[in-house]
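Pasting target_21.pdb here (PDB, C-alpha atoms and all ligand atoms):
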ATOM      1  CA  MET A   1     121.744 120.309 106.989
ATOM      2  CA  ARG A   2     118.449 118.646 106.184
ATOM      3  CA  SER A   3     115.538 119.514 103.991
ATOM      4  CA  LYS A   4     112.810 121.250 105.943
ATOM      5  CA  TYR A   5     110.494 118.628 104.464
ATOM      6  CA  GLU A   6     112.232 115.918 106.504
ATOM      7  CA  PHE A   7     111.058 115.301 110.041
ATOM      8  CA  ASN A   8     112.988 116.787 112.904
ATOM      9  CA  ILE A   9     113.047 113.787 115.212
ATOM     10  CA  LYS A  10     113.726 115.950 118.284
ATOM     11  CA  SER A  11     110.485 117.836 117.834
ATOM     12  CA  ARG A  12     108.601 114.535 118.092
ATOM     13  CA  GLU A  13     110.084 113.425 121.403
ATOM     14  CA  ASP A  14     107.169 114.727 123.407
ATOM     15  CA  PHE A  15     104.910 112.462 121.447
ATOM     16  CA  TYR A  16     106.886 109.365 122.412
ATOM     17  CA  ARG A  17     107.319 110.346 126.050
ATOM     18  CA  HIS A  18     103.760 111.525 126.639
ATOM     19  CA  PRO A  19     101.435 109.713 124.259
ATOM     20  CA  GLU A  20      98.499 110.399 126.594
ATOM     21  CA  ARG A  21      98.641 114.062 125.568
ATOM     22  CA  TYR A  22      97.620 112.959 122.076
ATOM     23  CA  ARG A  23      94.556 111.072 123.122
ATOM     24  CA  VAL A  24      91.363 111.522 121.085
ATOM     25  CA  GLU A  25      88.127 110.025 122.369
ATOM     26  CA  PRO A  26      87.001 107.433 119.837
ATOM     27  CA  PHE A  27      83.849 108.234 117.890
ATOM     28  CA  ARG A  28      81.591 107.147 115.077
ATOM     29  CA  ILE A  29      82.261 108.949 111.789
ATOM     30  CA  TYR A  30      79.384 107.523 109.749
ATOM     31  CA  GLY A  31      77.447 104.257 109.747
ATOM     32  CA  ASN A  32      79.683 101.445 110.944
ATOM     33  CA  LEU A  33      82.899 103.454 110.484
ATOM     34  CA  TYR A  34      84.744 104.683 113.594
ATOM     35  CA  PHE A  35      87.836 106.734 114.435
ATOM     36  CA  VAL A  36      90.196 105.057 116.933
ATOM     37  CA  GLY A  37      93.414 106.976 116.253
ATOM     38  CA  ASN A  38      95.081 109.828 118.100
ATOM     39  CA  LYS A  39      95.759 113.519 117.451
ATOM     40  CA  SER A  40      98.594 112.678 115.074
ATOM     41  CA  VAL A  41      97.919 109.373 113.348
ATOM     42  CA  GLY A  42      94.603 108.042 112.111
ATOM     43  CA  ALA A  43      93.280 104.533 112.743
ATOM     44  CA  HIS A  44      89.864 103.535 111.440
ATOM     45  CA  LEU A  45      87.639 100.686 112.524
ATOM     46  CA  ILE A  46      84.763  99.163 110.544
ATOM     47  CA  ASP A  47      82.259  96.866 112.237
ATOM     48  CA  THR A  48      81.494  94.507 109.370
ATOM     49  CA  GLY A  49      78.955  92.367 111.205
ATOM     50  CA  GLU A  50      81.375  89.443 110.952
ATOM     51  CA  GLY A  51      84.270  90.881 112.886
ATOM     52  CA  LEU A  52      86.210  94.140 112.907
ATOM     53  CA  LEU A  53      88.338  95.539 110.125
ATOM     54  CA  LEU A  54      91.056  97.974 111.196
ATOM     55  CA  ILE A  55      93.048 100.326 108.977
ATOM     56  CA  ASP A  56      96.435 101.189 110.531
ATOM     57  CA  THR A  57      97.580 100.673 114.116
ATOM     58  CA  THR A  58      99.431 103.958 114.946
ATOM     59  CA  TYR A  59     102.692 104.126 116.952
ATOM     60  CA  PRO A  60     103.918 101.440 119.339
ATOM     61  CA  THR A  61     103.710 104.035 122.108
ATOM     62  CA  THR A  62      99.992 104.577 121.430
ATOM     63  CA  ALA A  63      99.048 100.885 121.235
ATOM     64  CA  ALA A  64      97.390 100.983 124.659
ATOM     65  CA  MET A  65      95.286 104.017 123.692
ATOM     66  CA  LEU A  66      94.204 102.321 120.480
ATOM     67  CA  ILE A  67      93.078  99.203 122.338
ATOM     68  CA  GLN A  68      91.307 101.325 124.945
ATOM     69  CA  SER A  69      89.514 103.229 122.169
ATOM     70  CA  ILE A  70      88.178 100.018 120.644
ATOM     71  CA  TRP A  71      86.845  98.876 124.031
ATOM     72  CA  GLU A  72      85.246 102.280 124.668
ATOM     73  CA  LEU A  73      83.235 102.016 121.466
ATOM     74  CA  GLY A  74      81.793  98.786 122.807
ATOM     75  CA  PHE A  75      83.892  96.428 120.682
ATOM     76  CA  ASN A  76      86.348  93.730 121.653
ATOM     77  CA  PRO A  77      89.856  94.078 120.153
ATOM     78  CA  GLY A  78      89.903  90.284 120.103
ATOM     79  CA  ASP A  79      87.277  90.471 117.327
ATOM     80  CA  ILE A  80      89.580  92.197 114.820
ATOM     81  CA  ARG A  81      89.755  89.943 111.759
ATOM     82  CA  CYS A  82      91.677  92.083 109.257
ATOM     83  CA  ILE A  83      94.322  94.755 109.740
ATOM     84  CA  LEU A  84      95.018  96.802 106.606
ATOM     85  CA  HIS A  85      97.968  99.182 106.412
ATOM     86  CA  THR A  86      98.158 102.344 104.365
ATOM     87  CA  HIS A  87     101.929 101.863 104.053
ATOM     88  CA  GLY A  88     104.934 100.358 105.781
ATOM     89  CA  HIS A  89     106.091 103.190 108.022
ATOM     90  CA  PHE A  90     106.440 102.748 111.773
ATOM     91  CA  ASP A  91     103.680 105.223 112.674
ATOM     92  CA  HIS A  92     101.082 103.069 110.894
ATOM     93  CA  PHE A  93     102.053  99.555 112.064
ATOM     94  CA  GLY A  94     103.307 100.200 115.601
ATOM     95  CA  ALA A  95     100.627  98.128 117.353
ATOM     96  CA  THR A  96     100.186  95.509 114.636
ATOM     97  CA  ASP A  97     102.137  92.676 116.263
ATOM     98  CA  LEU A  98     100.347  93.219 119.566
ATOM     99  CA  LEU A  99      96.892  93.348 117.972
ATOM    100  CA  LYS A 100      97.612  90.257 115.932
ATOM    101  CA  GLU A 101      98.594  88.449 119.094
ATOM    102  CA  LEU A 102      95.373  89.583 120.789
ATOM    103  CA  SER A 103      93.037  88.742 117.951
ATOM    104  CA  GLY A 104      94.686  86.451 115.425
ATOM    105  CA  ALA A 105      93.768  89.012 112.752
ATOM    106  CA  LYS A 106      95.152  88.641 109.257
ATOM    107  CA  THR A 107      97.542  91.485 108.397
ATOM    108  CA  TYR A 108      97.714  93.141 104.963
ATOM    109  CA  LEU A 109     100.406  95.365 103.472
ATOM    110  CA  GLY A 110     101.003  96.771  99.987
ATOM    111  CA  GLU A 111     102.998  94.268  97.941
ATOM    112  CA  ARG A 112     105.961  96.573  97.368
ATOM    113  CA  ASP A 113     106.216  97.424 101.061
ATOM    114  CA  VAL A 114     106.267  93.688 101.820
ATOM    115  CA  VAL A 115     109.384  93.588  99.641
ATOM    116  CA  MET A 116     110.699  96.744 101.315
ATOM    117  CA  PHE A 117     110.334  95.152 104.781
ATOM    118  CA  ARG A 118     112.393  92.202 103.565
ATOM    119  CA  GLU A 119     115.041  93.933 101.506
ATOM    120  CA  ARG A 120     115.283  97.486 102.839
ATOM    121  CA  PRO A 121     113.836  97.501 106.370
ATOM    122  CA  GLU A 122     115.596 100.792 107.126
ATOM    123  CA  LEU A 123     112.921 102.413 104.931
ATOM    124  CA  ALA A 124     110.247 101.452 107.477
ATOM    125  CA  LEU A 125     111.755 104.337 109.473
ATOM    126  CA  THR A 126     111.737 102.489 112.792
ATOM    127  CA  GLU A 127     115.313 103.537 113.414
ATOM    128  CA  GLY A 128     115.826 106.871 115.056
ATOM    129  CA  SER A 129     112.133 107.203 115.675
ATOM    130  CA  GLY A 130     112.493 107.004 119.428
ATOM    131  CA  CYS A 131     110.957 103.525 119.229
ATOM    132  CA  GLN A 132     113.899 101.389 118.284
ATOM    133  CA  TYR A 133     112.685  98.386 120.207
ATOM    134  CA  PHE A 134     110.497  97.176 117.368
ATOM    135  CA  GLY A 135     110.967  96.314 113.739
ATOM    136  CA  PRO A 136     108.723  95.581 110.768
ATOM    137  CA  PHE A 137     106.004  92.966 111.321
ATOM    138  CA  VAL A 138     105.606  89.968 109.031
ATOM    139  CA  PRO A 139     102.532  90.623 106.834
ATOM    140  CA  ASP A 140     100.194  87.719 106.105
ATOM    141  CA  GLU A 141      98.908  89.045 102.780
ATOM    142  CA  ALA A 142     100.257  91.386 100.104
ATOM    143  CA  MET A 143      97.778  93.897  98.644
ATOM    144  CA  ARG A 144      97.872  94.517  94.887
ATOM    145  CA  ASP A 145      96.252  97.090  92.651
ATOM    146  CA  GLY A 146      92.572  96.281  92.110
ATOM    147  CA  ASP A 147      92.282  93.807  94.982
ATOM    148  CA  VAL A 148      89.039  93.843  96.927
ATOM    149  CA  ILE A 149      89.127  92.733 100.553
ATOM    150  CA  THR A 150      85.746  91.640 101.848
ATOM    151  CA  LEU A 151      84.737  90.970 105.431
ATOM    152  CA  GLY A 152      81.074  90.704 106.437
ATOM    153  CA  ASN A 153      79.099  93.599 104.959
ATOM    154  CA  THR A 154      82.193  95.553 103.889
ATOM    155  CA  SER A 155      84.339  95.459 100.756
ATOM    156  CA  VAL A 156      87.451  97.603 100.552
ATOM    157  CA  ARG A 157      88.921  98.373  97.134
ATOM    158  CA  ILE A 158      92.690  98.655  96.913
ATOM    159  CA  VAL A 159      94.462 101.160  94.643
ATOM    160  CA  THR A 160      98.252 101.420  94.671
ATOM    161  CA  THR A 161      99.511 105.002  94.964
ATOM    162  CA  PRO A 162     103.293 104.728  95.424
ATOM    163  CA  GLY A 163     105.639 107.615  96.196
ATOM    164  CA  HIS A 164     105.696 108.317  99.903
ATOM    165  CA  SER A 165     106.696 104.657 100.140
ATOM    166  CA  ASP A 166     106.768 102.132  97.297
ATOM    167  CA  GLY A 167     103.798 100.229  98.657
ATOM    168  CA  VAL A 168     101.342 103.014  99.558
ATOM    169  CA  ILE A 169      97.736 101.846  99.284
ATOM    170  CA  SER A 170      94.664 104.037  98.892
ATOM    171  CA  PHE A 171      91.357 102.610 100.101
ATOM    172  CA  PHE A 172      87.776 103.041  98.913
ATOM    173  CA  THR A 173      84.747 101.503 100.570
ATOM    174  CA  GLU A 174      81.005 102.059 100.817
ATOM    175  CA  ILE A 175      79.505 102.820 104.200
ATOM    176  CA  GLU A 176      75.776 102.873 104.895
ATOM    177  CA  GLU A 177      73.793 104.866 107.421
ATOM    178  CA  ASP A 178      69.972 104.948 107.537
ATOM    179  CA  GLY A 179      69.839 103.431 104.058
ATOM    180  CA  VAL A 180      72.193 106.050 102.545
ATOM    181  CA  ARG A 181      75.356 104.560 101.060
ATOM    182  CA  LEU A 182      78.354 106.847 100.780
ATOM    183  CA  THR A 183      81.896 106.217  99.611
ATOM    184  CA  ALA A 184      84.710 106.687 102.086
ATOM    185  CA  GLY A 185      88.181 107.092 100.642
ATOM    186  CA  MET A 186      91.666 107.516 101.988
ATOM    187  CA  HIS A 187      94.912 108.375 100.239
ATOM    188  CA  GLY A 188      97.438 106.137 101.930
ATOM    189  CA  GLY A 189     100.358 108.530 102.231
ATOM    190  CA  ALA A 190     101.506 111.726 100.588
ATOM    191  CA  GLY A 191     104.149 113.112 102.979
ATOM    192  CA  MET A 192     107.112 114.906 101.366
ATOM    193  CA  ASN A 193     109.469 113.695 104.105
ATOM    194  CA  THR A 194     110.520 110.637 102.083
ATOM    195  CA  MET A 195     110.508 112.417  98.726
ATOM    196  CA  CYS A 196     112.659 115.452  99.520
ATOM    197  CA  ARG A 197     116.170 115.591  98.182
ATOM    198  CA  THR A 198     118.124 114.991 101.402
ATOM    199  CA  PHE A 199     116.129 111.817 102.065
ATOM    200  CA  ILE A 200     116.510 110.645  98.470
ATOM    201  CA  ASP A 201     120.256 111.307  98.574
ATOM    202  CA  ARG A 202     120.573 109.212 101.716
ATOM    203  CA  TYR A 203     118.256 106.331 100.818
ATOM    204  CA  LYS A 204     118.580 106.233  97.019
ATOM    205  CA  ASN A 205     114.827 106.096  96.423
ATOM    206  CA  GLY A 206     114.586 108.782  93.741
ATOM    207  CA  HIS A 207     112.126 106.738  91.645
ATOM    208  CA  CYS A 208     109.415 107.717  94.136
ATOM    209  CA  ARG A 209     108.932 111.181  92.659
ATOM    210  CA  LYS A 210     107.607 110.225  89.257
ATOM    211  CA  GLU A 211     105.447 107.496  90.727
ATOM    212  CA  PHE A 212     103.952 109.904  93.240
ATOM    213  CA  LEU A 213     102.469 112.198  90.581
ATOM    214  CA  GLU A 214     101.187 109.213  88.612
ATOM    215  CA  GLY A 215      99.483 107.954  91.762
ATOM    216  CA  LEU A 216      97.788 111.299  92.393
ATOM    217  CA  ASN A 217      96.410 111.311  88.853
ATOM    218  CA  LYS A 218      95.248 107.722  89.160
ATOM    219  CA  VAL A 219      92.869 108.410  92.054
ATOM    220  CA  TYR A 220      91.936 112.014  91.247
ATOM    221  CA  GLU A 221      88.613 111.158  89.617
ATOM    222  CA  GLU A 222      87.471 108.781  92.359
ATOM    223  CA  ARG A 223      84.165 109.733  93.895
ATOM    224  CA  VAL A 224      84.730 110.212  97.612
ATOM    225  CA  ASP A 225      81.947 111.501  99.869
ATOM    226  CA  ILE A 226      83.866 111.032 103.115
ATOM    227  CA  MET A 227      87.602 111.642 102.975
ATOM    228  CA  LEU A 228      89.583 109.890 105.675
ATOM    229  CA  GLY A 229      93.155 110.647 106.681
ATOM    230  CA  ASN A 230      95.888 108.361 107.933
ATOM    231  CA  HIS A 231      97.165 111.515 109.594
ATOM    232  CA  THR A 232      94.490 113.649 111.199
ATOM    233  CA  GLY A 233      95.721 116.836 109.537
ATOM    234  CA  HIS A 234      94.768 115.523 106.094
ATOM    235  CA  ASN A 235      91.022 115.765 106.663
ATOM    236  CA  ARG A 236      91.019 117.842 109.874
ATOM    237  CA  THR A 237      89.631 114.921 111.866
ATOM    238  CA  VAL A 238      89.939 116.549 115.280
ATOM    239  CA  GLU A 239      88.374 119.849 114.194
ATOM    240  CA  LYS A 240      85.473 118.061 112.526
ATOM    241  CA  ARG A 241      84.868 115.977 115.623
ATOM    242  CA  ARG A 242      84.782 119.123 117.761
ATOM    243  CA  PHE A 243      82.289 120.661 115.339
ATOM    244  CA  MET A 244      80.127 117.536 115.564
ATOM    245  CA  LEU A 245      80.044 117.754 119.346
ATOM    246  CA  GLU A 246      79.350 121.482 119.429
ATOM    247  CA  HIS A 247      76.770 121.466 116.615
ATOM    248  CA  PRO A 248      74.928 118.152 116.769
ATOM    249  CA  GLU A 249      72.052 119.627 114.741
ATOM    250  CA  GLU A 250      74.320 120.516 111.788
ATOM    251  CA  PRO A 251      75.067 118.108 108.903
ATOM    252  CA  ASN A 252      77.908 115.635 109.463
ATOM    253  CA  PRO A 253      81.119 117.583 108.630
ATOM    254  CA  PHE A 254      82.845 114.392 107.462
ATOM    255  CA  ILE A 255      80.494 114.303 104.457
ATOM    256  CA  ASP A 256      82.139 116.658 101.986
ATOM    257  CA  PRO A 257      82.311 115.413  98.382
ATOM    258  CA  GLY A 258      84.657 118.246  97.337
ATOM    259  CA  GLU A 259      87.317 117.514  99.918
ATOM    260  CA  TRP A 260      89.057 114.693  98.049
ATOM    261  CA  LYS A 261      90.037 116.827  95.061
ATOM    262  CA  ARG A 262      90.891 119.813  97.268
ATOM    263  CA  TYR A 263      93.252 117.627  99.272
ATOM    264  CA  LEU A 264      94.932 116.091  96.207
ATOM    265  CA  ASP A 265      95.348 119.580  94.703
ATOM    266  CA  PHE A 266      96.897 120.764  97.965
ATOM    267  CA  VAL A 267      99.326 117.837  97.990
ATOM    268  CA  ARG A 268     100.359 118.391  94.370
ATOM    269  CA  ASN A 269     100.930 122.069  95.067
ATOM    270  CA  ARG A 270     103.033 121.272  98.121
ATOM    271  CA  TYR A 271     105.137 118.927  96.007
ATOM    272  CA  GLU A 272     105.658 121.596  93.362
ATOM    273  CA  VAL A 273     106.619 124.175  95.974
ATOM    274  CA  MET A 274     109.162 121.700  97.350
ATOM    275  CA  LEU A 275     110.729 121.243  93.907
ATOM    276  CA  GLN A 276     110.827 124.997  93.452
ATOM    277  CA  GLU A 277     112.535 125.494  96.809
ATOM    278  CA  GLU A 278     115.035 122.759  96.020
ATOM    279  CA  ALA A 279     115.879 124.525  92.756
ATOM    280  CA  GLU A 280     116.370 127.786  94.647
ATOM    281  CA  GLY A 281     118.277 126.129  97.496
ATOM    282  CA  THR A 282     115.806 127.468 100.050
ATOM    283  CA  ASP A 283     114.729 123.996 101.205
ATOM    284  CA  LEU A 284     117.646 123.389 103.588
ATOM    285  CA  VAL A 285     117.582 124.113 107.310
ATOM    286  CA  GLU A 286     119.967 123.524 110.200
ATOM    287  CA  ASP A 287     118.786 121.678 113.295
TER     288      ASP A 287
HETATM  289 ZN    ZN A 301     104.769 107.411 106.132
END

As structure tokens:
Amino acid sequence: MRSKYEFNIKSREDFYRHPERYRVEPFRIYGNLYFVGNKSVGAHLIDTGEGLLLIDTTYPTTAAMLIQSIWELGFNPGDIRCILHTHGHFDHFGATDLLKELSGAKTYLGERDVVMFRERPELALTEGSGCQYFGPFVPDEAMRDGDVITLGNTSVRIVTTPGHSDGVISFFTEIEEDGVRLTAGMHGGAGMNTMCRTFIDRYKNGHCRKEFLEGLNKVYEERVDIMLGNHTGHNRTVEKRRFMLEHPEEPNPFIDPGEWKRYLDFVRNRYEVMLQEEAEGTDLVED
């Protein structure tokens, strides 16, 4: 038995065998901010004028698509200077080693996930993912609460929001287009899969639950004009892109100042429903 909030690895096999089915054509979201991820996992590229800044590198099996996407936008993957990670799970750092080799980029990971990589690498979830040929990378820099990472014209503010993993990082940065500066923000990870009771029983990481709610409160009042997602479902990346293509005359659907709070409310509600189901015993399923 497993909690229905844990991933069913079997249902993800298609993704590993046929990554090309998850291809998304890269596109510009706003200003110098671009989407280079796939249908499942987000990856975001900022052209800072002094090199490229990349947030997350998706799965190892989608590394080639990510590199192709960067080329298609007219950039050279060799120009990546900084790679930031939302957290230390395999679906967000799968192409990091390869991209570092290509570009010499400096890699950043939340301080507590740097410790996790060293002391509890099983929590990076590389095992049993269908991609067991790779392990955690060695981060160059640890990100701490309040840090600001600056490259060229871009400064990214770091806020720690632990829970989904100990070292989850949320990002906030200003992006300009035609003289209009907007704030883009991303919560770095809010999946219940590592906070449900069967996972906690197995991995002894029960502290994550209290920290998760504290993290949601911490960023709730942030002003976010453009909400980004490290999974495309969070901000409906693919649907918004389709809307952009079909309605080029309409306002940019990625600009939605109410979305941040709506998303955080949704996540909190999902967490509360999970606790309720655990109390009732209706959270367990058989594979
Ligand atoms: Zn994760």

Which residues match the PyMOL selection byres (((chain A and resi 46) around 10) and not hetatm) in the file above, as a ChimeraX atom specification? /A:28,30-35,44-45,47-49,51-55,80,82,151,153-154,175

Got time to write the residues from that selection, C-alpha atoms, as a tab-separated table (two decimals), in the coordinates of the input?
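The file below, part-v8.tsv, is the result:
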chain	number	residue	atom	x	y	z
A	28	ARG	CA	81.59	107.15	115.08
A	30	TYR	CA	79.38	107.52	109.75
A	31	GLY	CA	77.45	104.26	109.75
A	32	ASN	CA	79.68	101.44	110.94
A	33	LEU	CA	82.90	103.45	110.48
A	34	TYR	CA	84.74	104.68	113.59
A	35	PHE	CA	87.84	106.73	114.44
A	44	HIS	CA	89.86	103.54	111.44
A	45	LEU	CA	87.64	100.69	112.52
A	47	ASP	CA	82.26	96.87	112.24
A	48	THR	CA	81.49	94.51	109.37
A	49	GLY	CA	78.96	92.37	111.20
A	51	GLY	CA	84.27	90.88	112.89
A	52	LEU	CA	86.21	94.14	112.91
A	53	LEU	CA	88.34	95.54	110.12
A	54	LEU	CA	91.06	97.97	111.20
A	55	ILE	CA	93.05	100.33	108.98
A	80	ILE	CA	89.58	92.20	114.82
A	82	CYS	CA	91.68	92.08	109.26
A	151	LEU	CA	84.74	90.97	105.43
A	153	ASN	CA	79.10	93.60	104.96
A	154	THR	CA	82.19	95.55	103.89
A	175	ILE	CA	79.50	102.82	104.20

When the PyMOL selection byres (((not hetatm)) within 9 of (chain A and resi 301)) is applied to the structure above, which residues does it catch, written out as a PyMOL selection string? chain A and resi 86-92+124-125+164-165+168+188-191+193-194

Please, what distance in Å, to one decimal, runs between atom CA of Asp97 of chain A and atom CA of Phe137 of chain A? 6.3 Å

For Asp265 of chain A: contacts at 12 Å, all atoms listed in the file, fewer than 2 positions along chain excluded, given as number ranges by chain: A: 190, 213, 216-217, 219-221, 258-263, 267-272

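Among the candidates A:Glu119, A:Glu249, A:Asp14, A:Glu111, the one nearest to Met143 of chain A when counting all atoms listed in the file is A:Glu111.
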
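For the atom pair formed by atom CA of Asp79 of chain A and atom CA of Gly110 of chain A, the distance is 23.0 Å, given to one decimal.
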
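Reported to one decimal place, the separation of atom CA of Ser3 of chain A from atom CA of Glu286 of chain A is 8.6 Å.
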
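Nearest to Gly167 of chain A of all the residues A:Gly185, A:Pro60, A:Gly179, A:Gly215 is A:Gly215, counting all atoms listed in the file.
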
The PyMOL selection byres (((chain A and resi 42) around 6) and not hetatm) resolved against shown file, as a VMD selection string: chain A and resid 37 41 43 230 to 232

Best match for closeness to Asn252 of chain A among A:Val273, A:Phe15, A:Ser103, A:Glu177, counting only C-alpha atoms: A:Glu177

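Here the question is which of A:Glu50, A:Pro26, A:Leu109, A:Val148 gets nearest to Gln68 of chain A using only C-alpha atoms, and that residue is A:Pro26.
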
Emit as AutoDock Vina command-line options the padded axis-aligned box for all listed atoms of segment 98-113 of chain A, 5 Å per side, with centre and edge lengths in Å to one decimal.
--center_x 99.6 --center_y 91.9 --center_z 109.1 --size_x 23.2 --size_y 21.0 --size_z 33.4

Identify the residues around (94.8, 103.8, 124.7) within a radius of 10 Å, measuring from only C-alpha atoms in the coordinates stated by the file, and give them as a PyMOL selection string. chain A and resi 19-20+22-26+36-38+61-72

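Among A:Ile226, A:Val115, A:Ile255, A:Ala95, the residue with the shortest atom-to-atom distance to Ala184 of chain A, counting all atoms listed in the file, is A:Ile226.
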
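With distances restricted to all atoms listed in the file, A:Leu123 is the closest residue to Phe199 of chain A from A:Leu123, A:Gly281, A:Asp113, A:Leu73.
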